[in-house]
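**Q** This is the structure, below, for whatever I ask next.
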Amino acid sequence: LEHIRANNDIEIAYYNAFDAGAGYLIYAGTGSIGAFIDHEQQLHRVGGHGYILDDAGGGYWIAREALKHIWRREDEQPGWWQQSILAQSVFEHIGGSDWASSRQFLYQGSRGQVGRLALAVAACADEDRDAAGILTRAGIELARLAELLTRRFGLRELALAGRIRELHPIIAHSFEQHLPAETVVH
């Protein structure tokens, strides 16, 4: 019994990518977090504060950014959504183009359900520059987590993991573009 150790999910993911002290893990799914486990096996984290505060670059954040963009544009120019590939993709996913549908989806859906809206954003990113811009900013936000860890603990190898990496190549490209040139990503 004295050899049993309980770890949280980010620690397990970290040890799947690195030995203690070897690198930084940036993990993004519905949320986002940066982690470093030092040689004494102490977990150091940046981000991961939850979807209400931040989790920038994660699926929920992408969904929220898309809905915010769509409804701000709709406030500026009613009917704009009909010319927007992003808005059409998002509205198809949530099941309606009116504010009541968006409100119900956002406020009554689970965090995971809302986060899956990122799939609709990614699906149209090759055709819609607003969607591509949101995914680009997601990569920048994830690179920010890596930069914070590097600033605190020095340059180390880096891994980007989680479902976000598979969402669209724009995210990983943007992530890598916004890292220090000498950073090694594995």
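All residue names refer to the structure tokens as shown: chains lettered A, B, ... in order, residues numbered from 1 in each chain, ligands numbered from 1 in order.
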Do you have, as a Markdown table, the list of residues of range 128-154 of chain A lying at most 10 Å from range 78-90 of chain A, each with its nearest atom pair and that distance in Å to one decimal, counting only C-alpha atoms and ordered by chain then number?
**A**
```
| residue | atom | partner | partner_atom | distance |
| --- | --- | --- | --- | --- |
| A:Asp128 | CA | A:Ile85 | CA | 6.0 |
| A:Arg129 | CA | A:Leu86 | CA | 8.6 |
| A:Asp130 | CA | A:Leu86 | CA | 7.1 |
| A:Ala131 | CA | A:Leu86 | CA | 6.0 |
| A:Ala132 | CA | A:Leu86 | CA | 9.4 |
```
**Q** Hey, can you spit out that residue selection with N, CA, C and O atoms as a compact mmCIF listing (two decimals), in the first residue's frame?
**A**
```
# COMPACT_ATOMS: atom_id res chain seq x y z
N ASP A 128 -13.43 29.82 -44.29
CA ASP A 128 -13.89 31.01 -43.59
C ASP A 128 -12.75 31.62 -42.78
O ASP A 128 -12.22 30.98 -41.88
N ARG A 129 -12.40 32.85 -43.11
CA ARG A 129 -11.24 33.46 -42.45
C ARG A 129 -11.52 33.79 -40.99
O ARG A 129 -10.60 33.84 -40.18
N ASP A 130 -12.78 34.03 -40.62
CA ASP A 130 -13.09 34.27 -39.20
C ASP A 130 -12.86 33.00 -38.38
O ASP A 130 -12.29 33.06 -37.29
N ALA A 131 -13.28 31.87 -38.89
CA ALA A 131 -13.04 30.60 -38.21
C ALA A 131 -11.54 30.32 -38.13
O ALA A 131 -11.03 29.92 -37.07
N ALA A 132 -10.82 30.54 -39.22
CA ALA A 132 -9.37 30.34 -39.22
C ALA A 132 -8.70 31.27 -38.21
O ALA A 132 -7.77 30.87 -37.51
```
**Q** Pick out the residues sitting within 9 Å of His49 in chain A, and hand them over as JSON, numbers by chain; count only C-alpha atoms, and ignore anything fewer than 6 positions along from it in its own chain.
**A** {"A": [31, 32, 33, 55]}
**Q** As a PyMOL selection string, which residues of chain A does DSSP assign to alpha helix (DSSP H)?
**A** chain A and resi 9-17+59-76+85-94+99-108+111-115+117-123+129-153+164-167+169-177
**Q** Under the rule that only C-alpha atoms are counted, which of A:Gln108, A:Phe36, A:Tyr14, A:Leu142 is the nearest residue to Gln177 in chain A?
**A**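 The answer is A:Leu142, which sits nearest to Gln177 in chain A.
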**Q** Step one, run DSSP on the backbone; step two, keep only residues of range 40-137 of chain A assigned to strand (DSSP E); then write them as a ChimeraX atom specification.
**A** /A:43-47
**Q** Report the distance between CA of Leu135 in chain A and CA of Ile171 in chain A in Å, rounded to one decimal place.
**A** 5.5 Å
**Q** Using only C-alpha atoms for the distances, tell me which of A:Phe175, A:Phe153, A:Tyr107, A:Phe91 is nearest to Ala138 in chain A.
**A** A:Phe175
**Q** Contacts of His39 in chain A at 10 Å or less, counting only C-alpha atoms, minus same-chain residues fewer than 3 places along, as a VMD selection string?
**A** chain A and resid 19 to 22 36 42 to 43
**Q** Pick out the closest residue to Arg163 in chain A from this set: A:Ile10, A:Leu119, A:Arg73, A:Tyr15. Count only C-alpha atoms.
**A**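 Once distances to Arg163 in chain A are computed over only C-alpha atoms, the minimum belongs to A:Leu119.
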**Q** Residues within 6 Å of Ala63 in chain A, please, as a count of residues only. Count only C-alpha atoms; anything in the same chain fewer than 6 positions from it doesn't count.
**A** 3
**Q** If you count only C-alpha atoms, which residues fall within 12 Å of Gly47 in chain A, apart from same-chain ones fewer than 5 positions away, as a PDB file with all heavy atoms, in the first residue's frame?
**A**
```
ATOM      1  N   ILE A  10      -3.780  15.287 -15.442  1.00  0.00           N
ATOM      2  CA  ILE A  10      -2.692  16.004 -16.117  1.00  0.00           C
ATOM      3  C   ILE A  10      -1.343  15.375 -15.764  1.00  0.00           C
ATOM      4  O   ILE A  10      -0.442  15.319 -16.606  1.00  0.00           O
ATOM      5  CB  ILE A  10      -2.734  17.529 -15.837  1.00  0.00           C
ATOM      6  CG1 ILE A  10      -1.829  18.278 -16.824  1.00  0.00           C
ATOM      7  CG2 ILE A  10      -2.359  17.855 -14.426  1.00  0.00           C
ATOM      8  CD1 ILE A  10      -2.218  18.163 -18.271  1.00  0.00           C
ATOM      9  N   LEU A  25       4.281  19.946 -20.887  1.00  0.00           N
ATOM     10  CA  LEU A  25       3.113  19.431 -21.572  1.00  0.00           C
ATOM     11  C   LEU A  25       2.067  20.533 -21.645  1.00  0.00           C
ATOM     12  O   LEU A  25       1.684  21.097 -20.618  1.00  0.00           O
ATOM     13  CB  LEU A  25       2.530  18.231 -20.824  1.00  0.00           C
ATOM     14  CG  LEU A  25       1.233  17.655 -21.406  1.00  0.00           C
ATOM     15  CD1 LEU A  25       1.505  17.001 -22.768  1.00  0.00           C
ATOM     16  CD2 LEU A  25       0.615  16.666 -20.446  1.00  0.00           C
ATOM     17  N   ILE A  26       1.637  20.835 -22.852  1.00  0.00           N
ATOM     18  CA  ILE A  26       0.500  21.724 -23.055  1.00  0.00           C
ATOM     19  C   ILE A  26      -0.633  20.818 -23.501  1.00  0.00           C
ATOM     20  O   ILE A  26      -0.542  20.165 -24.539  1.00  0.00           O
ATOM     21  CB  ILE A  26       0.794  22.805 -24.130  1.00  0.00           C
ATOM     22  CG1 ILE A  26       2.096  23.549 -23.810  1.00  0.00           C
ATOM     23  CG2 ILE A  26      -0.395  23.740 -24.260  1.00  0.00           C
ATOM     24  CD1 ILE A  26       2.158  24.210 -22.449  1.00  0.00           C
ATOM     25  N   TYR A  27      -1.665  20.756 -22.686  1.00  0.00           N
ATOM     26  CA  TYR A  27      -2.770  19.844 -22.946  1.00  0.00           C
ATOM     27  C   TYR A  27      -4.041  20.647 -23.153  1.00  0.00           C
ATOM     28  O   TYR A  27      -4.386  21.497 -22.328  1.00  0.00           O
ATOM     29  CB  TYR A  27      -2.957  18.874 -21.778  1.00  0.00           C
ATOM     30  CG  TYR A  27      -3.921  17.773 -22.107  1.00  0.00           C
ATOM     31  CD1 TYR A  27      -3.467  16.580 -22.640  1.00  0.00           C
ATOM     32  CD2 TYR A  27      -5.284  17.943 -21.924  1.00  0.00           C
ATOM     33  CE1 TYR A  27      -4.361  15.567 -22.978  1.00  0.00           C
ATOM     34  CE2 TYR A  27      -6.178  16.937 -22.267  1.00  0.00           C
ATOM     35  CZ  TYR A  27      -5.705  15.764 -22.793  1.00  0.00           C
ATOM     36  OH  TYR A  27      -6.579  14.774 -23.136  1.00  0.00           O
ATOM     37  N   ALA A  28      -4.712  20.380 -24.258  1.00  0.00           N
ATOM     38  CA  ALA A  28      -5.955  21.095 -24.552  1.00  0.00           C
ATOM     39  C   ALA A  28      -6.984  20.142 -25.125  1.00  0.00           C
ATOM     40  O   ALA A  28      -6.727  19.451 -26.107  1.00  0.00           O
ATOM     41  CB  ALA A  28      -5.698  22.247 -25.516  1.00  0.00           C
ATOM     42  N   GLY A  31     -10.860  22.155 -22.209  1.00  0.00           N
ATOM     43  CA  GLY A  31     -10.130  23.231 -21.547  1.00  0.00           C
ATOM     44  C   GLY A  31      -8.681  23.221 -21.978  1.00  0.00           C
ATOM     45  O   GLY A  31      -8.318  22.584 -22.967  1.00  0.00           O
ATOM     46  N   SER A  32      -7.829  23.929 -21.235  1.00  0.00           N
ATOM     47  CA  SER A  32      -6.405  23.947 -21.558  1.00  0.00           C
ATOM     48  C   SER A  32      -5.589  24.139 -20.283  1.00  0.00           C
ATOM     49  O   SER A  32      -6.038  24.783 -19.334  1.00  0.00           O
ATOM     50  CB  SER A  32      -6.080  25.069 -22.544  1.00  0.00           C
ATOM     51  OG  SER A  32      -6.311  26.343 -21.964  1.00  0.00           O
ATOM     52  N   ILE A  33      -4.380  23.564 -20.294  1.00  0.00           N
ATOM     53  CA  ILE A  33      -3.471  23.667 -19.152  1.00  0.00           C
ATOM     54  C   ILE A  33      -2.048  23.414 -19.638  1.00  0.00           C
ATOM     55  O   ILE A  33      -1.833  22.685 -20.607  1.00  0.00           O
ATOM     56  CB  ILE A  33      -3.850  22.653 -18.042  1.00  0.00           C
ATOM     57  CG1 ILE A  33      -3.041  22.905 -16.769  1.00  0.00           C
ATOM     58  CG2 ILE A  33      -3.749  21.226 -18.539  1.00  0.00           C
ATOM     59  CD1 ILE A  33      -3.537  22.110 -15.562  1.00  0.00           C
ATOM     60  N   GLY A  34      -1.087  24.029 -18.972  1.00  0.00           N
ATOM     61  CA  GLY A  34       0.324  23.743 -19.183  1.00  0.00           C
ATOM     62  C   GLY A  34       0.868  23.111 -17.918  1.00  0.00           C
ATOM     63  O   GLY A  34       0.522  23.539 -16.808  1.00  0.00           O
ATOM     64  N   ALA A  35       1.708  22.080 -18.052  1.00  0.00           N
ATOM     65  CA  ALA A  35       2.214  21.373 -16.879  1.00  0.00           C
ATOM     66  C   ALA A  35       3.696  21.061 -17.000  1.00  0.00           C
ATOM     67  O   ALA A  35       4.203  20.777 -18.090  1.00  0.00           O
ATOM     68  CB  ALA A  35       1.439  20.076 -16.678  1.00  0.00           C
ATOM     69  N   PHE A  36       4.351  21.111 -15.858  1.00  0.00           N
ATOM     70  CA  PHE A  36       5.742  20.696 -15.728  1.00  0.00           C
ATOM     71  C   PHE A  36       5.862  19.969 -14.407  1.00  0.00           C
ATOM     72  O   PHE A  36       5.416  20.461 -13.364  1.00  0.00           O
ATOM     73  CB  PHE A  36       6.671  21.914 -15.746  1.00  0.00           C
ATOM     74  CG  PHE A  36       8.102  21.609 -15.406  1.00  0.00           C
ATOM     75  CD1 PHE A  36       8.835  20.703 -16.164  1.00  0.00           C
ATOM     76  CD2 PHE A  36       8.713  22.222 -14.327  1.00  0.00           C
ATOM     77  CE1 PHE A  36      10.160  20.424 -15.853  1.00  0.00           C
ATOM     78  CE2 PHE A  36      10.041  21.951 -14.011  1.00  0.00           C
ATOM     79  CZ  PHE A  36      10.767  21.051 -14.778  1.00  0.00           C
ATOM     80  N   LEU A  53     -13.249  31.171 -16.150  1.00  0.00           N
ATOM     81  CA  LEU A  53     -12.177  32.149 -16.057  1.00  0.00           C
ATOM     82  C   LEU A  53     -11.366  32.266 -17.335  1.00  0.00           C
ATOM     83  O   LEU A  53     -10.988  33.361 -17.730  1.00  0.00           O
ATOM     84  CB  LEU A  53     -11.222  31.802 -14.907  1.00  0.00           C
ATOM     85  CG  LEU A  53     -11.737  32.002 -13.505  1.00  0.00           C
ATOM     86  CD1 LEU A  53     -10.665  31.615 -12.495  1.00  0.00           C
ATOM     87  CD2 LEU A  53     -12.141  33.450 -13.293  1.00  0.00           C
ATOM     88  N   ASP A  54     -11.039  31.123 -17.960  1.00  0.00           N
ATOM     89  CA  ASP A  54     -10.083  31.213 -19.065  1.00  0.00           C
ATOM     90  C   ASP A  54     -10.080  29.953 -19.922  1.00  0.00           C
ATOM     91  O   ASP A  54     -10.890  29.808 -20.798  1.00  0.00           O
ATOM     92  CB  ASP A  54      -8.696  31.481 -18.496  1.00  0.00           C
ATOM     93  CG  ASP A  54      -7.691  31.943 -19.527  1.00  0.00           C
ATOM     94  OD1 ASP A  54      -8.065  32.149 -20.694  1.00  0.00           O
ATOM     95  OD2 ASP A  54      -6.520  32.102 -19.187  1.00  0.00           O
ATOM     96  N   ASP A  55      -9.172  29.036 -19.667  1.00  0.00           N
ATOM     97  CA  ASP A  55      -8.955  27.846 -20.494  1.00  0.00           C
ATOM     98  C   ASP A  55      -8.780  28.207 -21.969  1.00  0.00           C
ATOM     99  O   ASP A  55      -9.248  27.495 -22.875  1.00  0.00           O
ATOM    100  CB  ASP A  55     -10.081  26.829 -20.317  1.00  0.00           C
ATOM    101  CG  ASP A  55      -9.846  25.917 -19.118  1.00  0.00           C
ATOM    102  OD1 ASP A  55      -8.782  26.014 -18.488  1.00  0.00           O
ATOM    103  OD2 ASP A  55     -10.721  25.095 -18.821  1.00  0.00           O
ATOM    104  N   ALA A  56      -8.100  29.326 -22.207  1.00  0.00           N
ATOM    105  CA  ALA A  56      -7.910  29.836 -23.560  1.00  0.00           C
ATOM    106  C   ALA A  56      -7.219  28.817 -24.459  1.00  0.00           C
ATOM    107  O   ALA A  56      -6.263  28.168 -24.064  1.00  0.00           O
ATOM    108  CB  ALA A  56      -7.113  31.135 -23.530  1.00  0.00           C
ATOM    109  N   GLY A  57      -7.736  28.681 -25.661  1.00  0.00           N
ATOM    110  CA  GLY A  57      -7.195  27.754 -26.638  1.00  0.00           C
ATOM    111  C   GLY A  57      -7.888  26.401 -26.652  1.00  0.00           C
ATOM    112  O   GLY A  57      -7.719  25.638 -27.585  1.00  0.00           O
ATOM    113  N   GLY A  58      -8.677  26.101 -25.632  1.00  0.00           N
ATOM    114  CA  GLY A  58      -9.404  24.838 -25.565  1.00  0.00           C
ATOM    115  C   GLY A  58     -10.704  24.906 -26.356  1.00  0.00           C
ATOM    116  O   GLY A  58     -11.112  25.954 -26.863  1.00  0.00           O
ATOM    117  N   GLU A 141      -2.773  31.240 -27.857  1.00  0.00           N
ATOM    118  CA  GLU A 141      -3.066  31.094 -26.422  1.00  0.00           C
ATOM    119  C   GLU A 141      -2.361  29.880 -25.834  1.00  0.00           C
ATOM    120  O   GLU A 141      -1.856  29.933 -24.709  1.00  0.00           O
ATOM    121  CB  GLU A 141      -4.575  31.006 -26.191  1.00  0.00           C
ATOM    122  CG  GLU A 141      -5.317  32.286 -26.477  1.00  0.00           C
ATOM    123  CD  GLU A 141      -5.012  33.411 -25.502  1.00  0.00           C
ATOM    124  OE1 GLU A 141      -4.462  33.147 -24.400  1.00  0.00           O
ATOM    125  OE2 GLU A 141      -5.324  34.574 -25.813  1.00  0.00           O
ATOM    126  N   LEU A 142      -2.302  28.792 -26.569  1.00  0.00           N
ATOM    127  CA  LEU A 142      -1.611  27.601 -26.080  1.00  0.00           C
ATOM    128  C   LEU A 142      -0.101  27.830 -26.025  1.00  0.00           C
ATOM    129  O   LEU A 142       0.565  27.383 -25.087  1.00  0.00           O
ATOM    130  CB  LEU A 142      -1.968  26.390 -26.943  1.00  0.00           C
ATOM    131  CG  LEU A 142      -3.453  26.003 -26.896  1.00  0.00           C
ATOM    132  CD1 LEU A 142      -3.756  24.929 -27.931  1.00  0.00           C
ATOM    133  CD2 LEU A 142      -3.878  25.566 -25.504  1.00  0.00           C
ATOM    134  N   ALA A 143       0.433  28.555 -27.002  1.00  0.00           N
ATOM    135  CA  ALA A 143       1.858  28.901 -26.985  1.00  0.00           C
ATOM    136  C   ALA A 143       2.177  29.799 -25.784  1.00  0.00           C
ATOM    137  O   ALA A 143       3.276  29.722 -25.218  1.00  0.00           O
ATOM    138  CB  ALA A 143       2.255  29.594 -28.289  1.00  0.00           C
ATOM    139  N   ARG A 144       1.233  30.610 -25.388  1.00  0.00           N
ATOM    140  CA  ARG A 144       1.415  31.471 -24.206  1.00  0.00           C
ATOM    141  C   ARG A 144       1.669  30.618 -22.963  1.00  0.00           C
ATOM    142  O   ARG A 144       2.523  30.950 -22.135  1.00  0.00           O
ATOM    143  CB  ARG A 144       0.184  32.346 -24.008  1.00  0.00           C
ATOM    144  CG  ARG A 144       0.241  33.219 -22.778  1.00  0.00           C
ATOM    145  CD  ARG A 144      -1.072  34.006 -22.581  1.00  0.00           C
ATOM    146  NE  ARG A 144      -1.077  34.598 -21.276  1.00  0.00           N
ATOM    147  CZ  ARG A 144      -1.491  33.993 -20.167  1.00  0.00           C
ATOM    148  NH1 ARG A 144      -1.968  32.756 -20.228  1.00  0.00           N
ATOM    149  NH2 ARG A 144      -1.450  34.594 -18.994  1.00  0.00           N
ATOM    150  N   LEU A 145       0.956  29.505 -22.830  1.00  0.00           N
ATOM    151  CA  LEU A 145       1.182  28.622 -21.687  1.00  0.00           C
ATOM    152  C   LEU A 145       2.611  28.074 -21.695  1.00  0.00           C
ATOM    153  O   LEU A 145       3.279  28.029 -20.658  1.00  0.00           O
ATOM    154  CB  LEU A 145       0.169  27.472 -21.694  1.00  0.00           C
ATOM    155  CG  LEU A 145      -1.302  27.855 -21.552  1.00  0.00           C
ATOM    156  CD1 LEU A 145      -2.185  26.618 -21.687  1.00  0.00           C
ATOM    157  CD2 LEU A 145      -1.566  28.594 -20.256  1.00  0.00           C
ATOM    158  N   ALA A 146       3.078  27.682 -22.877  1.00  0.00           N
ATOM    159  CA  ALA A 146       4.447  27.176 -23.010  1.00  0.00           C
ATOM    160  C   ALA A 146       5.458  28.265 -22.672  1.00  0.00           C
ATOM    161  O   ALA A 146       6.462  28.009 -21.992  1.00  0.00           O
ATOM    162  CB  ALA A 146       4.677  26.658 -24.426  1.00  0.00           C
ATOM    163  N   GLU A 147       5.188  29.475 -23.111  1.00  0.00           N
ATOM    164  CA  GLU A 147       6.094  30.594 -22.846  1.00  0.00           C
ATOM    165  C   GLU A 147       6.170  30.881 -21.350  1.00  0.00           C
ATOM    166  O   GLU A 147       7.243  31.156 -20.806  1.00  0.00           O
ATOM    167  CB  GLU A 147       5.617  31.829 -23.623  1.00  0.00           C
ATOM    168  CG  GLU A 147       6.608  32.973 -23.654  1.00  0.00           C
ATOM    169  CD  GLU A 147       6.472  33.904 -22.463  1.00  0.00           C
ATOM    170  OE1 GLU A 147       5.339  34.135 -22.006  1.00  0.00           O
ATOM    171  OE2 GLU A 147       7.513  34.393 -21.979  1.00  0.00           O
ATOM    172  N   LEU A 148       5.050  30.795 -20.646  1.00  0.00           N
ATOM    173  CA  LEU A 148       5.043  31.033 -19.201  1.00  0.00           C
ATOM    174  C   LEU A 148       5.874  29.981 -18.459  1.00  0.00           C
ATOM    175  O   LEU A 148       6.639  30.313 -17.548  1.00  0.00           O
ATOM    176  CB  LEU A 148       3.608  31.036 -18.667  1.00  0.00           C
ATOM    177  CG  LEU A 148       2.735  32.199 -19.108  1.00  0.00           C
ATOM    178  CD1 LEU A 148       1.288  31.977 -18.680  1.00  0.00           C
ATOM    179  CD2 LEU A 148       3.270  33.516 -18.568  1.00  0.00           C
ATOM    180  N   LEU A 149       5.744  28.721 -18.856  1.00  0.00           N
ATOM    181  CA  LEU A 149       6.542  27.668 -18.231  1.00  0.00           C
ATOM    182  C   LEU A 149       8.020  27.865 -18.534  1.00  0.00           C
ATOM    183  O   LEU A 149       8.873  27.705 -17.651  1.00  0.00           O
ATOM    184  CB  LEU A 149       6.069  26.290 -18.694  1.00  0.00           C
ATOM    185  CG  LEU A 149       4.725  25.841 -18.124  1.00  0.00           C
ATOM    186  CD1 LEU A 149       4.203  24.615 -18.863  1.00  0.00           C
ATOM    187  CD2 LEU A 149       4.826  25.569 -16.626  1.00  0.00           C
TER     188      LEU A 149
END
```
**Q** Report, in Å with one decimal, the straight-line distance from CA of Arg156 in chain A to CA of Trp61 in chain A.
**A** 26.8 Å
**Q** Near Ser102 in chain A, counting only C-alpha atoms, which residues have an atom at most 12 Å away, once you skip same-chain residues fewer than 3 positions from it, shown as a PyMOL selection string?
**A** chain A and resi 63-64+66-68+70-71+87+90-99+105-109+114+117
